[in-house]
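Here is the file model_22.txt (compact mmCIF, N, CA and C atoms).
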# COMPACT_ATOMS: atom_id res chain seq x y z
N MET A 1 0.84 -1.16 0.00
CA MET A 1 0.00 0.00 0.00
C MET A 1 0.89 1.24 0.00
N LEU A 2 0.44 2.26 -0.70
CA LEU A 2 1.18 3.50 -0.80
C LEU A 2 1.40 4.11 0.58
N GLY A 3 2.61 4.52 0.86
CA GLY A 3 2.92 5.15 2.13
C GLY A 3 3.40 4.21 3.21
N GLU A 4 3.31 2.91 2.99
CA GLU A 4 3.78 1.96 3.98
C GLU A 4 5.22 1.57 3.70
N LEU A 5 5.96 1.41 4.75
CA LEU A 5 7.35 0.98 4.64
C LEU A 5 7.38 -0.52 4.36
N PRO A 6 7.99 -0.94 3.25
CA PRO A 6 8.05 -2.38 2.93
C PRO A 6 9.10 -3.08 3.81
N ALA A 7 8.76 -3.29 5.06
CA ALA A 7 9.71 -3.77 6.06
C ALA A 7 10.33 -5.11 5.69
N ASP A 8 9.53 -6.05 5.23
CA ASP A 8 10.08 -7.37 4.90
C ASP A 8 11.07 -7.27 3.74
N ASP A 9 10.72 -6.49 2.72
CA ASP A 9 11.62 -6.30 1.59
C ASP A 9 12.92 -5.62 2.02
N LEU A 10 12.80 -4.62 2.87
CA LEU A 10 14.00 -3.93 3.36
C LEU A 10 14.86 -4.84 4.23
N GLY A 11 14.22 -5.65 5.04
CA GLY A 11 14.96 -6.61 5.85
C GLY A 11 15.72 -7.61 5.00
N ARG A 12 15.05 -8.10 3.96
CA ARG A 12 15.69 -9.04 3.05
C ARG A 12 16.86 -8.36 2.32
N ALA A 13 16.67 -7.10 1.91
CA ALA A 13 17.74 -6.37 1.23
C ALA A 13 18.93 -6.15 2.16
N LEU A 14 18.66 -5.78 3.40
CA LEU A 14 19.74 -5.59 4.38
C LEU A 14 20.51 -6.89 4.57
N GLU A 15 19.79 -7.99 4.69
CA GLU A 15 20.43 -9.30 4.84
C GLU A 15 21.35 -9.59 3.66
N GLN A 16 20.86 -9.38 2.44
CA GLN A 16 21.66 -9.67 1.25
C GLN A 16 22.87 -8.74 1.14
N LEU A 17 22.66 -7.47 1.41
CA LEU A 17 23.78 -6.52 1.35
C LEU A 17 24.85 -6.84 2.39
N PHE A 18 24.43 -7.25 3.57
CA PHE A 18 25.37 -7.64 4.62
C PHE A 18 26.18 -8.86 4.19
N ARG A 19 25.50 -9.85 3.63
CA ARG A 19 26.20 -11.07 3.19
C ARG A 19 27.20 -10.78 2.09
N LEU A 20 26.90 -9.79 1.26
CA LEU A 20 27.81 -9.40 0.18
C LEU A 20 28.89 -8.43 0.64
N ASP A 21 28.86 -8.09 1.93
CA ASP A 21 29.79 -7.12 2.51
C ASP A 21 29.66 -5.76 1.81
N ALA A 22 28.44 -5.43 1.42
CA ALA A 22 28.17 -4.18 0.71
C ALA A 22 27.60 -3.10 1.63
N VAL A 23 27.35 -3.45 2.88
CA VAL A 23 26.84 -2.47 3.84
C VAL A 23 27.53 -2.71 5.18
N LYS A 24 27.86 -1.62 5.83
CA LYS A 24 28.46 -1.68 7.16
C LYS A 24 27.37 -1.35 8.17
N LEU A 25 27.27 -2.14 9.21
CA LEU A 25 26.21 -1.95 10.20
C LEU A 25 26.28 -0.58 10.85
N ASN A 26 27.49 -0.09 11.08
CA ASN A 26 27.62 1.22 11.73
C ASN A 26 27.16 2.37 10.84
N ARG A 27 26.98 2.11 9.56
CA ARG A 27 26.49 3.14 8.64
C ARG A 27 24.96 3.16 8.59
N ILE A 28 24.34 2.03 8.76
CA ILE A 28 22.88 1.96 8.65
C ILE A 28 22.19 2.12 10.00
N THR A 29 22.88 1.83 11.07
CA THR A 29 22.26 1.87 12.40
C THR A 29 21.70 3.24 12.77
N PRO A 30 22.41 4.35 12.54
CA PRO A 30 21.82 5.65 12.90
C PRO A 30 20.50 5.93 12.17
N THR A 31 20.40 5.52 10.92
CA THR A 31 19.16 5.71 10.16
C THR A 31 18.04 4.89 10.76
N LEU A 32 18.34 3.66 11.14
CA LEU A 32 17.32 2.80 11.74
C LEU A 32 16.89 3.34 13.10
N GLU A 33 17.84 3.90 13.84
CA GLU A 33 17.47 4.50 15.13
C GLU A 33 16.56 5.71 14.91
N GLU A 34 16.87 6.51 13.92
CA GLU A 34 16.04 7.68 13.61
C GLU A 34 14.63 7.24 13.21
N LEU A 35 14.53 6.21 12.40
CA LEU A 35 13.21 5.67 12.02
C LEU A 35 12.44 5.22 13.26
N THR A 36 13.14 4.52 14.14
CA THR A 36 12.51 4.02 15.37
C THR A 36 11.97 5.17 16.21
N LEU A 37 12.79 6.17 16.41
CA LEU A 37 12.42 7.28 17.29
C LEU A 37 11.42 8.24 16.66
N SER A 38 11.28 8.18 15.33
CA SER A 38 10.34 9.07 14.66
C SER A 38 8.96 8.44 14.46
N GLY A 39 8.77 7.26 15.03
CA GLY A 39 7.45 6.65 14.99
C GLY A 39 7.32 5.41 14.12
N ALA A 40 8.36 5.07 13.39
CA ALA A 40 8.31 3.88 12.54
C ALA A 40 8.91 2.67 13.26
N HIS A 41 8.66 2.58 14.58
CA HIS A 41 9.26 1.50 15.36
C HIS A 41 8.74 0.12 14.97
N THR A 42 7.46 0.02 14.64
CA THR A 42 6.91 -1.28 14.24
C THR A 42 7.55 -1.75 12.94
N GLU A 43 7.68 -0.85 11.99
CA GLU A 43 8.28 -1.19 10.71
C GLU A 43 9.77 -1.49 10.85
N THR A 44 10.45 -0.70 11.68
CA THR A 44 11.87 -0.95 11.90
C THR A 44 12.08 -2.30 12.57
N TRP A 45 11.24 -2.62 13.55
CA TRP A 45 11.36 -3.92 14.19
C TRP A 45 11.11 -5.04 13.18
N ALA A 46 10.08 -4.91 12.35
CA ALA A 46 9.78 -5.94 11.36
C ALA A 46 10.96 -6.15 10.42
N MET A 47 11.59 -5.07 10.00
CA MET A 47 12.75 -5.17 9.13
C MET A 47 13.90 -5.87 9.84
N LEU A 48 14.18 -5.46 11.08
CA LEU A 48 15.29 -6.07 11.81
C LEU A 48 15.01 -7.53 12.16
N ALA A 49 13.77 -7.84 12.50
CA ALA A 49 13.42 -9.23 12.81
C ALA A 49 13.68 -10.12 11.59
N ARG A 50 13.45 -9.58 10.40
CA ARG A 50 13.70 -10.33 9.17
C ARG A 50 15.19 -10.49 8.91
N ALA A 51 15.97 -9.43 9.18
CA ALA A 51 17.39 -9.43 8.84
C ALA A 51 18.29 -10.03 9.90
N LEU A 52 17.92 -9.92 11.17
CA LEU A 52 18.82 -10.31 12.26
C LEU A 52 19.38 -11.72 12.17
N PRO A 53 18.59 -12.73 11.82
CA PRO A 53 19.19 -14.07 11.78
C PRO A 53 20.44 -14.16 10.91
N ALA A 54 20.48 -13.39 9.82
CA ALA A 54 21.65 -13.40 8.95
C ALA A 54 22.78 -12.53 9.49
N LEU A 55 22.45 -11.59 10.36
CA LEU A 55 23.45 -10.67 10.88
C LEU A 55 24.13 -11.18 12.14
N LEU A 56 23.50 -12.12 12.81
CA LEU A 56 24.04 -12.66 14.06
C LEU A 56 25.17 -13.64 13.75
N PRO A 57 26.19 -13.69 14.60
CA PRO A 57 27.32 -14.59 14.34
C PRO A 57 26.95 -16.05 14.59
N ALA A 58 27.56 -16.91 13.80
CA ALA A 58 27.43 -18.35 14.04
C ALA A 58 28.24 -18.70 15.29
N ALA A 59 27.96 -19.84 15.86
CA ALA A 59 28.69 -20.29 17.05
C ALA A 59 30.19 -20.26 16.77
N GLY A 60 30.93 -19.63 17.68
CA GLY A 60 32.38 -19.55 17.54
C GLY A 60 32.87 -18.37 16.71
N ASP A 61 31.98 -17.71 15.97
CA ASP A 61 32.37 -16.55 15.17
C ASP A 61 32.28 -15.27 15.99
N ARG A 62 33.05 -14.30 15.60
CA ARG A 62 32.99 -12.99 16.25
C ARG A 62 31.82 -12.20 15.67
N PRO A 63 31.16 -11.43 16.49
CA PRO A 63 30.08 -10.56 15.98
C PRO A 63 30.65 -9.51 15.03
N ALA A 64 29.86 -9.13 14.06
CA ALA A 64 30.26 -8.09 13.11
C ALA A 64 30.43 -6.76 13.84
N THR A 65 31.32 -5.96 13.35
CA THR A 65 31.49 -4.61 13.89
C THR A 65 30.17 -3.85 13.75
N GLY A 66 29.75 -3.24 14.83
CA GLY A 66 28.51 -2.47 14.81
C GLY A 66 27.28 -3.25 15.20
N LEU A 67 27.42 -4.56 15.42
CA LEU A 67 26.24 -5.37 15.76
C LEU A 67 25.63 -4.95 17.09
N ALA A 68 26.45 -4.63 18.07
CA ALA A 68 25.92 -4.25 19.38
C ALA A 68 25.02 -3.02 19.27
N ASP A 69 25.45 -2.02 18.50
CA ASP A 69 24.63 -0.82 18.33
C ASP A 69 23.34 -1.15 17.59
N LEU A 70 23.43 -2.01 16.60
CA LEU A 70 22.22 -2.41 15.86
C LEU A 70 21.25 -3.15 16.78
N LEU A 71 21.78 -4.02 17.62
CA LEU A 71 20.92 -4.73 18.58
C LEU A 71 20.29 -3.76 19.57
N ALA A 72 21.01 -2.72 19.95
CA ALA A 72 20.44 -1.71 20.85
C ALA A 72 19.25 -1.02 20.20
N VAL A 73 19.35 -0.73 18.91
CA VAL A 73 18.23 -0.15 18.17
C VAL A 73 17.09 -1.16 18.10
N ALA A 74 17.42 -2.42 17.89
CA ALA A 74 16.39 -3.46 17.85
C ALA A 74 15.64 -3.55 19.17
N VAL A 75 16.36 -3.40 20.28
CA VAL A 75 15.71 -3.40 21.60
C VAL A 75 14.70 -2.26 21.68
N LYS A 76 15.12 -1.06 21.27
CA LYS A 76 14.21 0.10 21.31
C LYS A 76 12.99 -0.12 20.43
N ALA A 77 13.24 -0.56 19.19
CA ALA A 77 12.13 -0.75 18.25
C ALA A 77 11.17 -1.81 18.75
N ALA A 78 11.70 -2.93 19.23
CA ALA A 78 10.86 -4.02 19.72
C ALA A 78 10.06 -3.59 20.94
N ALA A 79 10.69 -2.86 21.85
CA ALA A 79 9.99 -2.40 23.05
C ALA A 79 8.86 -1.45 22.69
N LEU A 80 9.14 -0.50 21.81
CA LEU A 80 8.11 0.46 21.41
C LEU A 80 6.98 -0.21 20.64
N ALA A 81 7.31 -1.25 19.87
CA ALA A 81 6.31 -1.97 19.08
C ALA A 81 5.56 -3.01 19.90
N GLY A 82 6.05 -3.32 21.10
CA GLY A 82 5.44 -4.38 21.89
C GLY A 82 5.62 -5.74 21.24
N ALA A 83 6.75 -5.91 20.58
CA ALA A 83 7.00 -7.12 19.79
C ALA A 83 7.25 -8.34 20.66
N ARG A 84 6.78 -9.46 20.18
CA ARG A 84 7.08 -10.78 20.74
C ARG A 84 7.49 -11.64 19.55
N ALA A 85 8.64 -12.25 19.65
CA ALA A 85 9.14 -12.99 18.49
C ALA A 85 10.21 -13.98 18.91
N ASP A 86 10.51 -14.88 17.98
CA ASP A 86 11.62 -15.80 18.12
C ASP A 86 12.58 -15.49 16.98
N VAL A 87 13.76 -14.99 17.31
CA VAL A 87 14.75 -14.65 16.30
C VAL A 87 15.82 -15.74 16.32
N PRO A 88 15.91 -16.53 15.25
CA PRO A 88 16.92 -17.59 15.21
C PRO A 88 18.33 -17.05 15.45
N GLY A 89 19.05 -17.70 16.34
CA GLY A 89 20.43 -17.34 16.64
C GLY A 89 20.58 -16.35 17.78
N LEU A 90 19.50 -15.67 18.16
CA LEU A 90 19.59 -14.66 19.21
C LEU A 90 19.88 -15.29 20.57
N ALA A 91 19.20 -16.36 20.90
CA ALA A 91 19.42 -17.01 22.20
C ALA A 91 20.85 -17.52 22.32
N GLU A 92 21.41 -18.00 21.22
CA GLU A 92 22.79 -18.50 21.25
C GLU A 92 23.78 -17.36 21.53
N LEU A 93 23.56 -16.21 20.90
CA LEU A 93 24.44 -15.07 21.17
C LEU A 93 24.24 -14.59 22.61
N ALA A 94 23.01 -14.54 23.06
CA ALA A 94 22.71 -14.10 24.43
C ALA A 94 23.32 -15.03 25.47
N ALA A 95 23.47 -16.30 25.13
CA ALA A 95 23.98 -17.29 26.08
C ALA A 95 25.51 -17.31 26.16
N ARG A 96 26.17 -16.55 25.33
CA ARG A 96 27.63 -16.54 25.37
C ARG A 96 28.12 -16.03 26.72
N LYS A 97 29.16 -16.65 27.19
CA LYS A 97 29.76 -16.27 28.46
C LYS A 97 30.45 -14.92 28.31
N GLY A 98 30.60 -14.26 29.41
CA GLY A 98 31.32 -12.99 29.40
C GLY A 98 30.39 -11.80 29.28
N ARG A 99 31.02 -10.64 29.21
CA ARG A 99 30.26 -9.40 29.22
C ARG A 99 30.48 -8.61 27.94
N SER A 100 30.60 -9.29 26.82
CA SER A 100 30.77 -8.54 25.58
C SER A 100 29.49 -7.75 25.30
N ARG A 101 29.64 -6.60 24.70
CA ARG A 101 28.48 -5.76 24.46
C ARG A 101 27.47 -6.43 23.52
N PRO A 102 27.90 -7.10 22.44
CA PRO A 102 26.91 -7.78 21.60
C PRO A 102 26.09 -8.82 22.38
N ALA A 103 26.75 -9.58 23.25
CA ALA A 103 26.02 -10.57 24.05
C ALA A 103 25.06 -9.89 25.02
N GLU A 104 25.49 -8.79 25.62
CA GLU A 104 24.62 -8.07 26.55
C GLU A 104 23.40 -7.49 25.83
N GLU A 105 23.61 -6.91 24.65
CA GLU A 105 22.48 -6.38 23.88
C GLU A 105 21.56 -7.51 23.42
N ALA A 106 22.15 -8.65 23.06
CA ALA A 106 21.33 -9.80 22.67
C ALA A 106 20.47 -10.26 23.84
N ARG A 107 21.05 -10.26 25.04
CA ARG A 107 20.26 -10.63 26.22
C ARG A 107 19.11 -9.64 26.44
N GLY A 108 19.40 -8.36 26.26
CA GLY A 108 18.35 -7.35 26.41
C GLY A 108 17.24 -7.52 25.38
N LEU A 109 17.62 -7.81 24.14
CA LEU A 109 16.61 -8.01 23.10
C LEU A 109 15.80 -9.27 23.37
N LEU A 110 16.49 -10.32 23.78
CA LEU A 110 15.79 -11.57 24.09
C LEU A 110 14.77 -11.36 25.20
N GLN A 111 15.16 -10.63 26.22
CA GLN A 111 14.24 -10.34 27.32
C GLN A 111 13.06 -9.50 26.83
N THR A 112 13.31 -8.56 25.94
CA THR A 112 12.26 -7.68 25.43
C THR A 112 11.23 -8.42 24.59
N ILE A 113 11.70 -9.35 23.75
CA ILE A 113 10.77 -9.99 22.80
C ILE A 113 10.25 -11.34 23.26
N SER A 114 10.73 -11.84 24.38
CA SER A 114 10.25 -13.13 24.88
C SER A 114 8.86 -12.96 25.48
N PRO A 115 7.98 -13.94 25.25
CA PRO A 115 6.64 -13.86 25.85
C PRO A 115 6.75 -13.78 27.38
N ALA A 116 5.91 -12.97 27.95
CA ALA A 116 5.94 -12.77 29.41
C ALA A 116 5.48 -13.99 30.17
Show me, as structure tokens, the structure contained in the file I just sent.
Amino acid sequence: MLGELPADDLGRALEQLFRLDAVKLNRITPTLEELTLSGAHTETWAMLARALPALLPAAGDRPATGLADLLAVAVKAAALAGARADVPGLAELAARKGRSRPAEEARGLLQTISPA
């Protein structure tokens, strides 16, 4: 529909661009935060929920640069949207030992989107 943000398409595009190393997370995160804070939190969350499984590190891999900030935006968007979801790979990142910022943000997002 005219005027609606095509969140699923944008999420898929972000996923593909990330896999091709054509986008840096630290470049797109400020725009996503601005969208979230300007009222498009539901759409931003839908886009991130679609893209996050591809952006999260596999077991034993290091998180991409900028992932922690992107996850922080995801926490804001999900909280504002009242989202409940299962994001593949998020629980594994959240369960990592230590106090790395990506793992801490993953824990925050997991807590935000888990059913009460």
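Nearest residue to A:Leu5, choosing from A:Ala40, A:Ala54, A:Val73, A:Val23 and counting only C-alpha atoms: A:Ala40.
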Q: Would you kindly return, as a PyMOL selection string, each protein, DNA or RNA residue with an atom no farther than 6.5 Å from any atom of stretch 99-116 of chain A, considering only N, CA and C atoms and excluding same-chain residues fewer than 3 positions away?
A: chain A and resi 67-68+71-72+74-75+78-79+83-86+90+93-96
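Of the residues listed (A:Val87, A:Leu55, A:Ile28, A:Ala46), A:Leu55 shows the shortest atom-to-atom separation from A:Glu15; distances use only N, CA and C atoms.
Take atom CA of A:Gly98 and atom N of A:Leu70: the distance between them is 18.6 Å.
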Q.
With DSSP run on the backbone, what are the alpha helix (DSSP H) residues within stretch 11-94 of chain A? I'd like them as an NGL selection string.
A. :A and (11-19 or 25-37 or 41-55 or 67-81 or 90-94)
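Atom pair atom CA of A:Ser38 / atom CA of A:Glu4 has a distance of 14.4 Å (rounded to one decimal).
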Q) Between atom CA of A:Pro30 and atom CA of A:Ala7, what is the spacing in Å? A) 16.8 Å
Report the centre and edge lengths, in Å to one decimal, of an axis-aligned box enclosing every atom of stretch 71-81 of chain A listed in the file, padded by 6 Å on each side, as lines of an AutoDock Vina configuration file.
center_x = 13.7
center_y = -2.1
center_z = 20.3
size_x = 28.2
size_y = 17.2
size_z = 17.4
Q) For A:Ala59, which residue among A:Glu92, A:Leu35, A:His41, A:Ala77 is the nearest when counting only N, CA and C atoms? A) A:Glu92
